[in-house]
Amino acid sequence: MATGRLGVGEMLGALNAALGPGGPVWFKETRARHLRARDFLAPRRALQARFGDEQVPEPVVTAVAGLQGPGVAPVLRCAPTPAGLALQLRRPAVFEHVLGSVAAYAAPAAPASSGPRVVLHCAALRGAPCTLRLSQLRAVLVADHLARALRSRGVSVRLVPAARDPHMRTFLQQLRVEWPAASESAATEALRSRALAELTSAQDGEALPPGILGRVCLKELVEEQGRSAGYDPNLDSCLVTEDLLSSLAELQEAVQNWPEDSSSGLAGTPNSGTDNCIVVHVVSCEEEFQQQKLDLLWHKLDDQAPLRQKHLVCGPVKVAGGPGTLTAPKYYELRLAQVCKASAVKHGGDLAQDPAWTEIFGILSVATIKFEMLSTAPQSQLLLTLADNSVSTKGTKSGTFVMYNCARLATLFESYKHSMEQGLYPTFPPVSSLDFSLLHDEGEWLLLFNSILPFPDLLSQTAALAYTAPGLHITARTEMVCKFLVQLSMDFSSYYNRIHILGEPRPHLFGQMFARLQLLRAVRAVLHAGLAMLGLPPLNHI
């Protein structure tokens, strides 16, 4: 029997190792029609490439069928089929193992191994919210989500710049974005002296606009890095301002003076400085050219600037059938108005005037925005549709739909609690006494195998950044959590609409009811953990 947390990655690793030397062959099934017969498959063509036209040797099939080890789920059978080598797990045993330790599956697979501290820099937050474009809002939400994912794995993270504008701080609170407030301004004297020594404008006799200290040549640095590094070949110089030096000073302070209490888990090490730190600039595509200037200027003016600076560039945001100049606050106001309107249609009356609903409407609006902004890979272009149906609970792709199903789960457990207090149902028995062989509906296995079991690995993948990869740019998979929560909500909704969980209060039906409730406890835990990665609290009703 497997010990510890079961893992999809561990299972695939063991399956591929059992086939002998060669690349990975096995994959996990996800479609309901395939899961009726198998859980993992080694495709026939891949096996032919490995073993020739001969059948898979019997000792190999036997080894696969007898797999054991840490994280490896118990195997029921492994047999050749026309599609390839099919493997099915002992599902009651897997249900028992997973649902007996729900908390282990609502957290990342493992803490990050010792690695760099991360400074996430989002230049869009240096201004006021009234000037924040949708592409900049996307960068802010990506940075916030990435910070949460990294911290959940024990990585030590600092966020720069501090939000100095009071209106920006208020707007970030509305968006449920956790970002540091204004701090003391970092000293710029050293950078300013170095910049003045590097200025080229005095010799060139160039007339500079007011507020500009001068021009610093960056061409040599670009050539040193080489074209393969990813810097724009048109970068040749940078106009130095006091604001630019202030930005550099804040980054410099963040890297060199790491607070002791910011190190969490295994990723932070006691030594401070730049050797154990990476700076990730999260920027919109419109800001990328200017951000590259800041990157190079830092190297030019500071001998201790981090050698590893990466740029996470978010693609453009286009609005279908709407104004191209829509600002982030106007976008939020639009979604809030649409949520209030949809709720008034559903429940009747003007609920926006009810204080009890005010917070709910705010959460639903933010959920709508975050799922729209984060469900697409950050590097790709994003197309927004501003129609009212974007906030409907009937659509299966929206944040509102996910929050609606979160509320349905809360209502279910509240109904059970109320019925138990009335004496209709007994108290929840110990999980160890539950009979999980009573879970035989395909929707139940779909929820466990596609949602609960792989969730820790998904959290780890969301926080995985290729720090050591060559080049200037870096990618992130911040779309994974939103897509996962949408699919989980769809699977739960389908199951909940089809299966009556709280059945008639008859003793012979209680066993199956409690097994199902424990499964949905796990669904709830995973759903809440996923929402927490987005800064969204669970809702009890909508």
# chains A, B, ... in the order shown; residues from 1 in each chain; ligands from 1
>>> select_by_dssp(residues="range 297-420 of chain A", states="strand (DSSP E)", output="PyMOL selection string")
chain A and resi 309-314+317-320+382-385
>>> residues_around(residues="Pro378 in chain A", least_positions_apart="6", cutoff="7 Å", atoms="only C-alpha atoms", output="MDAnalysis selection string")
chainID A and resid 314:315 478
>>> closest_atom_pairs(of="range 437-475 of chain A", to="range 124-147 of chain A", cutoff="12 Å", atoms="only C-alpha atoms", output="Markdown table")
| residue | atom | partner | partner_atom | distance |
| --- | --- | --- | --- | --- |
| A:Leu459 | CA | A:Leu146 | CA | 10.6 |
| A:Ser460 | CA | A:Leu146 | CA | 11.3 |
| A:Gln461 | CA | A:Leu146 | CA | 11.1 |
| A:Thr462 | CA | A:Leu146 | CA | 7.6 |
| A:Ala463 | CA | A:Leu146 | CA | 6.6 |
| A:Ala464 | CA | A:Leu146 | CA | 9.5 |
| A:Leu465 | CA | A:Leu146 | CA | 9.7 |
| A:Thr475 | CA | A:Leu146 | CA | 11.2 |
>>> write_last_selection(atoms="N, CA, C and O atoms", output="compact mmCIF listing (two decimals), in the first residue's frame")
# COMPACT_ATOMS: atom_id res chain seq x y z
N LEU A 459 -0.24 23.46 -8.00
CA LEU A 459 0.26 24.62 -7.25
C LEU A 459 1.77 24.76 -7.42
O LEU A 459 2.29 25.87 -7.57
N SER A 460 2.47 23.64 -7.41
CA SER A 460 3.92 23.70 -7.57
C SER A 460 4.30 24.18 -8.96
O SER A 460 5.25 24.95 -9.13
N GLN A 461 3.55 23.74 -9.98
CA GLN A 461 3.85 24.16 -11.35
C GLN A 461 3.57 25.65 -11.54
O GLN A 461 4.28 26.33 -12.29
N THR A 462 2.53 26.17 -10.87
CA THR A 462 2.22 27.59 -10.98
C THR A 462 3.36 28.44 -10.45
O THR A 462 3.62 29.54 -10.96
N ALA A 463 4.04 27.95 -9.44
CA ALA A 463 5.13 28.71 -8.81
C ALA A 463 6.49 28.42 -9.43
O ALA A 463 7.50 28.94 -8.97
N ALA A 464 6.52 27.60 -10.49
CA ALA A 464 7.80 27.23 -11.10
C ALA A 464 8.24 28.31 -12.09
O ALA A 464 7.55 28.59 -13.07
N LEU A 465 9.38 28.93 -11.81
CA LEU A 465 9.95 29.93 -12.71
C LEU A 465 11.34 29.45 -13.15
O LEU A 465 12.13 29.00 -12.33
N THR A 475 8.80 33.08 -18.57
CA THR A 475 7.36 32.84 -18.67
C THR A 475 6.85 32.30 -17.35
O THR A 475 7.61 31.79 -16.52
>>> residues_around(residues="Arg498 in chain A", least_positions_apart="2", cutoff="12 Å", atoms="only C-alpha atoms", output="list in words")
Asp441, Glu442, Gly443, Glu444, Asp491, Phe492, Ser493, Ser494, Tyr495, Tyr496, His500 and Ile501 of chain A
>>> closest_residue(among="A:Leu150, A:Leu297, A:Leu439, A:Val339", to="Lys219 in chain A", atoms="only C-alpha atoms")
A:Leu297
>>> select_by_dssp(residues="range 345-507 of chain A", states="alpha helix (DSSP H)", output="NGL selection string")
:A and (345-347 or 355-374 or 399-421 or 442-447 or 455-462 or 480-498 or 507)
>>> closest_residue(among="A:Met533, A:Gly84, A:Leu15, A:Leu41", to="Val60 in chain A", atoms="only C-alpha atoms")
A:Leu15
>>> closest_residue(among="A:Leu175, A:Leu382, A:Leu239, A:Cys285", to="Gly535 in chain A", atoms="only C-alpha atoms")
A:Leu175
>>> residues_around(residues="Leu531 in chain A", least_positions_apart="2", cutoff="12 Å", atoms="only C-alpha atoms", output="PyMOL selection string")
chain A and resi 106+145+148-149+176+363+366-367+370-371+399+402-403+406+459+481-486+488-489+524-529+533-539
>>> closest_residue(among="A:Lys293, A:Arg31, A:His541, A:Arg408", to="Asp236 in chain A", atoms="only C-alpha atoms")
A:Lys293
>>> closest_residue(among="A:Leu502, A:Leu294, A:Ala337, A:Trp179", to="His418 in chain A", atoms="only C-alpha atoms")
A:Leu502
>>> atom_distance(atom1="CA of Arg38 in chain A", atom2="CA of Cys78 in chain A")
9.0 Å
>>> residues_around(residues="Asp457 in chain A", least_positions_apart="5", cutoff="8 Å", atoms="only C-alpha atoms", output="list in words")
Gly7, Val8, Gly9, Pro108 and Ala109 of chain A
>>> closest_residue(among="A:Thr325, A:Ser152, A:Ser437, A:Gln292", to="Asn234 in chain A", atoms="only C-alpha atoms")
A:Gln292
